[in-house]
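Participant: Submitted below is the structure of interest, expressed as structure tokens.
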Amino acid sequence: MAVEGGMKCVKFLLYVLLLAFCACAVGLIAVGVGAQLVLSQTIIQGATPGSLLPVVIIAVGVFLFLVAFVGCCGACKENYCLMITFAIFLSLIMLVEVAAAIAGYVFRDKVMSEFNNNFRQQMENYPKNNHTASILDRMQKDFKCCGAANYTDWEKIPSMSKNRVPDSCCVNVTVGCGINFTEKQIHKEGCVEKIGGWLRKNVLVVAAAALGIAFVEVLGIVFACCLVKSIRSGYEVM
């Protein structure tokens with residue numbers, strides 16, 4: 001039995017929300033893949049909270065897309081079971097997102113600590129490994145930083161002389177500019193704090209986006225429950 005009256009409007013709004021869910025799902029997958037590609041080229045190694053985050057984001061995106069598909073089928077066919085499944089799975093996604101947000105807050109210091117330790121460890125491999133050297137050089141150029149805490153960290157690296165830093169530390173990067181440098185010629189701030197500051201600035205944008213997605217999901221659950229109630233009433237009338 002087809003829904004009538006105000007439920008037609010609810011059904012239409014649910015379709016709009018389902019399109020929004022699909023867009024959010026594609027966005028999450030894209031963000032997760034992008035983050036994974038970035039992490040695969042950075043110095044963070046192993047199964048750490050930071051390295052697992054892109055996998056979680058991709059998984060949530062794929063699951064959200066599948067849930068949106070189930071919701072679309074349920075709304076189109078006005079199927080009671082599919083709409084119940086949609087509402088339950090959407091609620092589970094919200095719980096996962098809340099858990100991920102809490103985990104991100106709890107592990108924020110640990111992630112930065114891991115990043116600091118890995119950065120210092122890979123600094124020691126800088127003279128030995130060209131791949132590591134290219135990664136560190138790119139980070140120092142992009143964030144205009146030098147070393148972990150500051151440029152003096154490079155003095156502790158074997159085979160790096162006291163008056164030498166990588167050329168990527170220079171304000172104006174040229175071949176050999178890091179040899180016998182002066183402080184005016186290089187970036188003196190450390191990369192760990194610089195990158196941490198960049199993350200703190202962007203976390204507000206991520207939080208705002210997460211709140212927006214959560215609000216849409218709440219509306220989706222409410223509309224789905226309303227439609228389920230209407231479908232059930234139709235069954236009882238029949």
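Naming works like this for the structure tokens: A, B, ... for the chains as they're shown, residue 1 at the start of each chain, ligands 1 onward in shown order.
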Write out as a PyMOL selection string the set of residues from stretch 59-179 of chain A that DSSP, computed on the backbone, places in strand (DSSP E or B).

Facilitator: chain A and resi 150+164+170+179

Participant: Determine the nearest neighbour of A:Gly74 from the options A:Cys170, A:Cys145, A:Val222, A:Ala87, counting only C-alpha atoms.

Facilitator: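 Using only C-alpha atoms, the shortest distance to A:Gly74 belongs to A:Ala87.
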
Participant: Using only C-alpha atoms, determine which residues lie at most 6 Å from A:Ala148, disregarding the query and same-chain residues fewer than 2 positions distant; provide the list as a PyMOL selection string.

Facilitator: chain A and resi 150+190-192

Participant: Enumerate, as a PyMOL selection string, the complete set of residues in stretch 16-218 of chain A that a backbone-based DSSP assignment places in helix (DSSP H, G or I).

Facilitator: chain A and resi 16-40+49-77+80-106+108-125+130-143+151-156+167-169+183-185+191-218

Participant: From the list A:Ser233, A:Ser91, A:Asn117, A:Thr182, which residue is nearest A:Ala149 when using only C-alpha atoms?

Facilitator: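 Closest candidate: A:Asn117.
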
Participant: Please provide as a list in words all residues within 8 Å of A:Pro166, with the sequence filter that same-chain residues fewer than 2 positions apart are discarded (counting only C-alpha atoms).

Facilitator: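 After dropping sequence-adjacent residues, the list is Asp137, Arg164, Ser168, Cys169, Cys170 and Gly178 of chain A.
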
Participant: Let's have the selection written as a tab-separated table (two decimals), in the first residue's frame, with N, CA, C and O atoms.

Facilitator:
```tsv
chain	number	residue	atom	x	y	z
A	137	ASP	N	62.80	15.75	2.75
A	137	ASP	CA	63.04	16.99	2.01
A	137	ASP	C	61.71	17.64	1.60
A	137	ASP	O	61.56	18.85	1.73
A	164	ARG	N	76.07	21.74	8.97
A	164	ARG	CA	75.37	21.32	7.76
A	164	ARG	C	73.96	20.83	8.07
A	164	ARG	O	73.74	20.12	9.07
A	168	SER	N	66.97	21.25	1.87
A	168	SER	CA	65.54	21.54	1.98
A	168	SER	C	65.21	22.43	3.17
A	168	SER	O	64.09	22.94	3.27
A	169	CYS	N	66.15	22.61	4.08
A	169	CYS	CA	65.94	23.50	5.23
A	169	CYS	C	66.11	24.97	4.84
A	169	CYS	O	65.69	25.87	5.60
A	170	CYS	N	66.71	25.24	3.71
A	170	CYS	CA	67.03	26.61	3.32
A	170	CYS	C	65.78	27.40	2.94
A	170	CYS	O	64.82	26.84	2.41
A	178	GLY	N	72.76	24.22	2.31
A	178	GLY	CA	72.75	23.80	3.72
A	178	GLY	C	74.13	23.61	4.31
A	178	GLY	O	74.27	23.28	5.49
```

Participant: What's the separation between atom CA of A:Ala214 and atom CA of A:Ser113, in Å to one decimal place?

Facilitator: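 Result for atom CA of A:Ala214 versus atom CA of A:Ser113: 29.7 Å, one decimal.
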
Participant: Give me, please, the distance in Å between atom CA of A:Ala68 and atom CA of A:Val98, quoted to one decimal.

Facilitator: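 Separation between atom CA of A:Ala68 and atom CA of A:Val98: 19.1 Å.
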